[in-house]
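Report on one structure; see the data block that follows.
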Amino acid sequence: VRDWLYKCDHFFSLDETPTTSMVRLASIHLDGLAFQWHLNYMRWKFDVYPSWQQYIADITARFGDAYEDPLSSLLQINHTGKIQDYIDQFELALTQATLIPEHSLSIFLAGLENNTQMHVRMFNPSSIT
(Lines give C-alpha, C1' and ligand atoms only; values in the text may rest on other atoms or scores of the structure.)
Protein backbone atom coordinates (compact mmCIF):
# COMPACT_ATOMS: atom_id res chain seq x y z
CA VAL A 1 0.00 0.00 0.00
CA ARG A 2 2.78 2.40 0.94
CA ASP A 3 4.42 2.14 -2.49
CA TRP A 4 1.14 2.68 -4.31
CA LEU A 5 0.27 5.69 -2.14
CA TYR A 6 3.72 7.18 -2.71
CA LYS A 7 3.25 6.86 -6.48
CA CYS A 8 -0.20 8.43 -6.24
CA ASP A 9 1.04 11.37 -4.19
CA HIS A 10 3.98 11.87 -6.51
CA PHE A 11 1.73 11.82 -9.59
CA PHE A 12 -0.81 14.15 -8.01
CA SER A 13 1.95 16.61 -7.21
CA LEU A 14 3.44 16.51 -10.71
CA ASP A 15 0.03 16.68 -12.37
CA GLU A 16 -1.29 19.31 -9.94
CA THR A 17 -4.36 17.13 -9.50
CA PRO A 18 -7.21 18.88 -7.65
CA THR A 19 -7.87 17.27 -4.28
CA THR A 20 -11.47 16.59 -5.30
CA SER A 21 -10.27 14.31 -8.12
CA MET A 22 -7.61 12.32 -6.28
CA VAL A 23 -9.73 9.39 -5.08
CA ARG A 24 -11.43 8.99 -8.45
CA LEU A 25 -8.16 9.11 -10.33
CA ALA A 26 -6.40 6.71 -7.96
CA SER A 27 -9.27 4.22 -8.03
CA ILE A 28 -8.96 3.61 -11.77
CA HIS A 29 -5.56 2.06 -11.07
CA LEU A 30 -6.86 -0.52 -8.60
CA ASP A 31 -7.12 -4.20 -9.52
CA GLY A 32 -8.29 -7.43 -7.94
CA LEU A 33 -9.06 -7.38 -4.24
CA ALA A 34 -8.18 -3.69 -3.93
CA PHE A 35 -10.69 -2.82 -6.67
CA GLN A 36 -13.40 -4.94 -5.02
CA TRP A 37 -12.67 -3.26 -1.69
CA HIS A 38 -13.00 0.15 -3.37
CA LEU A 39 -16.40 -0.73 -4.89
CA ASN A 40 -17.74 -1.88 -1.51
CA TYR A 41 -16.17 1.11 0.21
CA MET A 42 -17.93 3.51 -2.16
CA ARG A 43 -21.26 1.71 -1.67
CA TRP A 44 -20.80 2.10 2.07
CA LYS A 45 -20.07 5.80 1.51
CA PHE A 46 -23.19 6.07 -0.70
CA ASP A 47 -20.96 7.08 -3.62
CA VAL A 48 -19.82 10.24 -1.84
CA TYR A 49 -16.09 10.46 -2.42
CA PRO A 50 -14.08 10.96 0.77
CA SER A 51 -11.14 13.32 1.08
CA TRP A 52 -7.83 11.92 -0.13
CA GLN A 53 -6.53 11.86 3.47
CA GLN A 54 -9.55 9.87 4.64
CA TYR A 55 -9.15 7.46 1.73
CA ILE A 56 -5.46 6.97 2.57
CA ALA A 57 -6.36 6.19 6.18
CA ASP A 58 -9.08 3.73 5.17
CA ILE A 59 -7.15 1.88 2.47
CA THR A 60 -4.11 1.67 4.74
CA ALA A 61 -6.28 0.29 7.55
CA ARG A 62 -7.53 -2.40 5.15
CA PHE A 63 -4.35 -3.30 3.27
CA GLY A 64 -1.49 -1.98 5.38
CA ASP A 65 0.58 -4.33 7.45
CA ALA A 66 -0.55 -3.84 11.04
CA TYR A 67 2.68 -5.35 12.31
CA GLU A 68 4.97 -3.36 10.06
CA ASP A 69 8.15 -2.24 11.77
CA PRO A 70 10.54 -0.76 9.19
CA LEU A 71 13.48 -0.50 11.59
CA SER A 72 13.13 -4.11 12.70
CA SER A 73 12.99 -5.23 9.07
CA LEU A 74 16.14 -3.27 8.34
CA LEU A 75 17.99 -4.77 11.30
CA GLN A 76 17.16 -8.31 10.15
CA ILE A 77 18.90 -7.96 6.78
CA ASN A 78 22.26 -9.70 6.68
CA HIS A 79 24.88 -10.10 3.98
CA THR A 80 25.06 -13.81 3.17
CA GLY A 81 25.52 -13.91 -0.60
CA LYS A 82 26.43 -11.37 -3.23
CA ILE A 83 27.22 -7.92 -1.91
CA GLN A 84 25.02 -6.27 -4.55
CA ASP A 85 22.05 -8.36 -3.41
CA TYR A 86 22.65 -7.17 0.16
CA ILE A 87 22.92 -3.54 -0.95
CA ASP A 88 19.72 -3.79 -3.01
CA GLN A 89 17.79 -5.44 -0.18
CA PHE A 90 19.11 -2.93 2.36
CA GLU A 91 18.31 0.11 0.21
CA LEU A 92 14.79 -1.18 -0.44
CA ALA A 93 14.16 -1.63 3.29
CA LEU A 94 15.77 1.73 4.02
CA THR A 95 13.07 3.50 1.98
CA GLN A 96 10.56 2.43 4.65
CA ALA A 97 12.59 3.63 7.65
CA THR A 98 13.37 7.15 8.83
CA LEU A 99 16.99 7.27 9.90
CA ILE A 100 19.81 9.78 9.82
CA PRO A 101 22.58 8.78 7.38
CA GLU A 102 25.03 7.90 10.16
CA HIS A 103 22.61 5.37 11.65
CA SER A 104 21.84 3.91 8.23
CA LEU A 105 25.55 3.41 7.60
CA SER A 106 26.09 1.84 11.01
CA ILE A 107 23.25 -0.66 10.50
CA PHE A 108 24.45 -1.38 6.96
CA LEU A 109 27.99 -2.15 8.14
CA ALA A 110 26.75 -4.28 11.03
CA GLY A 111 24.83 -6.47 8.59
CA LEU A 112 27.88 -7.28 6.48
CA GLU A 113 29.68 -10.62 6.83
CA ASN A 114 32.46 -10.23 9.41
CA ASN A 115 35.32 -10.51 6.93
CA THR A 116 33.72 -8.06 4.49
CA GLN A 117 32.76 -5.73 7.32
CA MET A 118 36.35 -5.60 8.56
CA HIS A 119 37.67 -4.68 5.10
CA VAL A 120 35.01 -2.04 4.49
CA ARG A 121 35.48 -0.42 7.90
CA MET A 122 39.22 0.00 7.15
CA PHE A 123 38.26 2.64 4.59
CA ASN A 124 36.08 4.53 7.09
CA PRO A 125 33.15 5.01 4.67
CA SER A 126 30.92 8.04 5.08
CA SER A 127 27.91 6.62 3.23
CA ILE A 128 26.45 3.38 1.91
CA THR A 129 27.11 4.28 -1.72
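We name chains A, B, ... following the order of the C-alpha coordinates; residues begin at 1 in each chain, and ligands are numbered from 1 as shown.
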
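Non-sequential neighbours of A:Pro101 (distance at most 10 Å, separation of 5 or more positions within a chain, only C-alpha atoms) are Ser106, Ile107, Ser126, Ser127 and Ile128 of chain A.
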
Taking only chain A into account, list the residues labelled helix (DSSP H, G or I) by DSSP (computed from the backbone), as an MDAnalysis selection string.
chainID A and resid 2:15 19:27 32:44 52:63 70:75 83:94 101:111 114:122

message: Which residues are close to A:Gln96, i.e. within 9 Å by only C-alpha atoms, leaving aside same-chain residues fewer than 6 positions away? Reply as JSON, numbers by chain.
response: {"A": [2, 69, 70, 71, 74]}

>> I want to know what sits within 10 Å of A:Thr116, based on only C-alpha atoms, with residues of the same chain fewer than 5 positions away left out; could you give that as number ranges by chain?
In response: A: 79, 83, 109, 111, 121

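One finds atom CA of A:Pro125 at 12.6 Å from atom CA of A:His103.
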
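Of the listed residues A:Val1, A:Val23, A:Leu30, A:Ala61, the one whose atoms come nearest to A:Val48 is A:Val23, with distances taken using only C-alpha atoms.
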
Using only C-alpha atoms, the best pick from A:Thr20, A:Asp15, A:Trp37, A:Met122 as closest to A:Tyr49 would be A:Thr20

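Ranking A:Leu5, A:Ala26, A:Ile56, A:Leu112 by their shortest atom-to-atom distance to A:Lys82, with only C-alpha atoms included, puts A:Leu112 first.
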